[in-house]
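Have a look at input-v9.cif below; it lists mmCIF, C-alpha atoms.
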```cif
data_coords
#
loop_
_atom_site.group_PDB
_atom_site.id
_atom_site.type_symbol
_atom_site.label_atom_id
_atom_site.label_comp_id
_atom_site.auth_asym_id
_atom_site.auth_seq_id
_atom_site.Cartn_x
_atom_site.Cartn_y
_atom_site.Cartn_z
ATOM 1 C CA MET R 1 -17.427 -35.057 -14.582
ATOM 2 C CA LYS R 2 -19.465 -32.614 -12.521
ATOM 3 C CA ILE R 3 -18.173 -29.143 -11.621
ATOM 4 C CA ASN R 4 -18.928 -27.606 -8.238
ATOM 5 C CA ALA R 5 -20.613 -24.420 -9.510
ATOM 6 C CA LEU R 6 -20.107 -22.391 -6.315
ATOM 7 C CA ASN R 7 -16.392 -23.194 -6.078
ATOM 8 C CA PHE R 8 -15.969 -22.416 -9.767
ATOM 9 C CA ALA R 9 -17.797 -19.105 -9.303
ATOM 10 C CA LEU R 10 -15.568 -18.201 -6.359
ATOM 11 C CA ALA R 11 -12.457 -19.064 -8.381
ATOM 12 C CA GLY R 12 -13.689 -16.872 -11.241
ATOM 13 C CA ALA R 13 -14.430 -13.955 -8.910
ATOM 14 C CA ILE R 14 -11.028 -14.182 -7.213
ATOM 15 C CA THR R 15 -9.252 -14.427 -10.561
ATOM 16 C CA ALA R 16 -11.074 -11.332 -11.841
ATOM 17 C CA ALA R 17 -10.180 -9.402 -8.675
ATOM 18 C CA VAL R 18 -6.486 -10.288 -8.969
ATOM 19 C CA LEU R 19 -6.378 -9.386 -12.673
ATOM 20 C CA TRP R 20 -8.194 -6.101 -11.979
ATOM 21 C CA LEU R 21 -5.687 -5.167 -9.303
ATOM 22 C CA ILE R 22 -2.736 -6.035 -11.557
ATOM 23 C CA CYS R 23 -4.194 -3.988 -14.400
ATOM 24 C CA SER R 24 -4.872 -1.044 -12.072
ATOM 25 C CA LEU R 25 -1.305 -1.235 -10.824
ATOM 26 C CA PHE R 26 -0.007 -1.115 -14.404
ATOM 27 C CA VAL R 27 -2.194 1.909 -15.167
ATOM 28 C CA TRP R 28 -0.856 3.653 -12.056
ATOM 29 C CA MET R 29 2.791 2.819 -12.836
ATOM 30 C CA MET R 30 2.790 3.474 -16.588
ATOM 31 C CA PRO R 31 -0.366 5.272 -17.727
ATOM 32 C CA GLY R 32 0.967 6.157 -21.181
ATOM 33 C CA GLY R 33 1.976 2.625 -22.035
ATOM 34 C CA MET R 34 -1.296 1.209 -20.813
ATOM 35 C CA MET R 35 -3.210 3.803 -22.829
ATOM 36 C CA ASN R 36 -1.371 2.585 -25.936
ATOM 37 C CA VAL R 37 -2.184 -1.034 -25.122
ATOM 38 C CA THR R 38 -5.849 -0.194 -24.519
ATOM 39 C CA THR R 39 -6.021 1.830 -27.740
ATOM 40 C CA ASN R 40 -4.604 -1.091 -29.738
ATOM 41 C CA MET R 41 -6.790 -3.715 -28.045
ATOM 42 C CA MET R 42 -10.038 -1.789 -28.518
ATOM 43 C CA HIS R 43 -9.227 -0.295 -31.954
ATOM 44 C CA VAL R 44 -10.287 3.112 -30.665
ATOM 45 C CA GLU R 45 -8.286 6.326 -30.298
ATOM 46 C CA MET R 46 -8.259 6.828 -26.541
ATOM 47 C CA ALA R 47 -5.079 8.864 -26.116
ATOM 48 C CA ARG R 48 -6.998 12.160 -26.019
ATOM 49 C CA GLY R 49 -8.934 11.195 -22.908
ATOM 50 C CA GLY R 50 -6.565 9.938 -20.268
ATOM 51 C CA TRP R 51 -7.067 7.800 -17.200
ATOM 52 C CA THR R 52 -9.028 8.619 -14.090
ATOM 53 C CA LEU R 53 -7.610 6.339 -11.430
ATOM 54 C CA THR R 54 -8.993 6.706 -7.913
ATOM 55 C CA LEU R 55 -9.028 4.293 -4.998
ATOM 56 C CA ALA R 56 -12.835 4.249 -5.061
ATOM 57 C CA GLY R 57 -12.795 3.512 -8.790
ATOM 58 C CA VAL R 58 -10.344 0.646 -8.317
ATOM 59 C CA VAL R 59 -12.436 -0.866 -5.514
ATOM 60 C CA TRP R 60 -15.801 -0.479 -7.278
ATOM 61 C CA GLY R 61 -14.366 -1.761 -10.549
ATOM 62 C CA MET R 62 -12.907 -4.769 -8.761
ATOM 63 C CA VAL R 63 -16.227 -5.499 -7.031
ATOM 64 C CA GLY R 64 -18.199 -5.113 -10.270
ATOM 65 C CA TRP R 65 -15.915 -7.274 -12.406
ATOM 66 C CA SER R 66 -15.592 -9.888 -9.664
ATOM 67 C CA LEU R 67 -19.378 -10.174 -9.345
ATOM 68 C CA PHE R 68 -19.775 -10.389 -13.109
ATOM 69 C CA ALA R 69 -17.053 -13.039 -13.409
ATOM 70 C CA GLY R 70 -18.472 -15.023 -10.492
ATOM 71 C CA VAL R 71 -21.998 -15.041 -11.903
ATOM 72 C CA PHE R 72 -20.687 -15.927 -15.368
ATOM 73 C CA ALA R 73 -18.575 -18.793 -13.972
ATOM 74 C CA TRP R 74 -21.488 -20.086 -11.875
ATOM 75 C CA LEU R 75 -23.829 -19.988 -14.860
ATOM 76 C CA SER R 76 -21.266 -21.708 -17.088
ATOM 77 C CA ALA R 77 -20.682 -24.508 -14.557
ATOM 78 C CA THR R 78 -24.417 -24.942 -13.974
ATOM 79 C CA ILE R 79 -25.124 -25.239 -17.708
ATOM 80 C CA TYR R 80 -22.176 -27.615 -18.111
ATOM 81 C CA ASN R 81 -23.547 -29.825 -15.332
ATOM 82 C CA LEU R 82 -27.022 -29.796 -16.889
ATOM 83 C CA LEU R 83 -25.633 -30.787 -20.272
ATOM 84 C CA GLY R 84 -23.737 -33.683 -18.700
ATOM 85 C CA ARG R 85 -26.814 -35.290 -17.182
ATOM 86 C CA ASN R 86 -28.069 -38.507 -18.746
#
```
Kindly return the structure encoded in the file as structure tokens.
Amino acid sequence: MKINALNFALAGAITAAVLWLICSLFVWMMPGGMMNVTTNMMHVEMARGGWTLTLAGVVWGMVGWSLFAGVFAWLSATIYNLLGRN
């Protein structure tokens, strides 16, 4: 089975954007709880710092993560297709 690398990359980028927006919304709604989750996930004491949540930061973070996810998905699909060739 061959994967359309561009469609897969677009799906990865859109998924990353949606997840970024959901995460940003959680940080905005409950910053303390999200700080605890982040501290536990990263095994680092982050409670002393605090969040800096700006509209520009949300947009640039979403663009950056979406581009990264899209490129990663494209590369993964391309390698998968190359490995499937006979």
*Tell me which of R:Gly70, R:Gly50, R:Gly32, R:Gly64 sits closest to Asn7 (chain R), counting all atoms listed in the file.*
R:Gly70
*Pick out the residues sitting within 9 Å of Trp74 (chain R), and hand them over as an MDAnalysis selection string; count only C-alpha atoms, and ignore anything fewer than 5 positions along from it in its own chain.*
chainID R and resid 4:10 12 69 79
*Looking at only C-alpha atoms, which of R:Tyr80, R:His43, R:Leu19, R:Lys2 is the one that sits closest to Trp65 (chain R)?*
R:Leu19
*Quote the spacing between CA of Gly84 (chain R) and CA of Met1 (chain R) in Å to one decimal place.*
7.7 Å
_Which of R:Val58, R:Leu75, R:Val37, R:Val63 sits closest to Thr15 (chain R) [using all atoms listed in the file]_ =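 Between R:Val58, R:Leu75, R:Val37, R:Val63, the residue approaching Thr15 (chain R) most closely is R:Val63.
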_Nearest candidate to Thr52 (chain R) (options R:Leu67, R:Val27, R:Ala77, R:Leu83; using only C-alpha atoms)_ = R:Val27
With all atoms of region 8-25 of chain R from the file as input, state the centre and edge lengths in Å to one decimal of the axis-aligned box that has 6 Å extra on each side, as lines of an AutoDock Vina configuration file.
```
center_x = -9.6
center_y = -11.7
center_z = -10.4
size_x = 28.5
size_y = 33.4
size_z = 20.0
```
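Here CA of Pro31 (chain R) and CA of Ala13 (chain R) stand 25.4 Å from one another.
Compared by their closest atoms to Met29 (chain R), and using only C-alpha atoms, the residues R:Ile3, R:Leu53, R:Leu82, R:Val71 rank with R:Leu53 nearest.
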*asked:* Can you translate the PyMOL selection byres ((chain R and resi 35) around 12) into the concrete residues it hits in this file, as a ChimeraX atom specification?
replied: /R:23-24,26-34,36-52
*Have a look at CA of Phe72 (chain R) and CA of Val59 (chain R) and let me know their distance in Å, one decimal.*
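So the two atoms, CA of Phe72 (chain R) and CA of Val59 (chain R), lie 19.8 Å apart.
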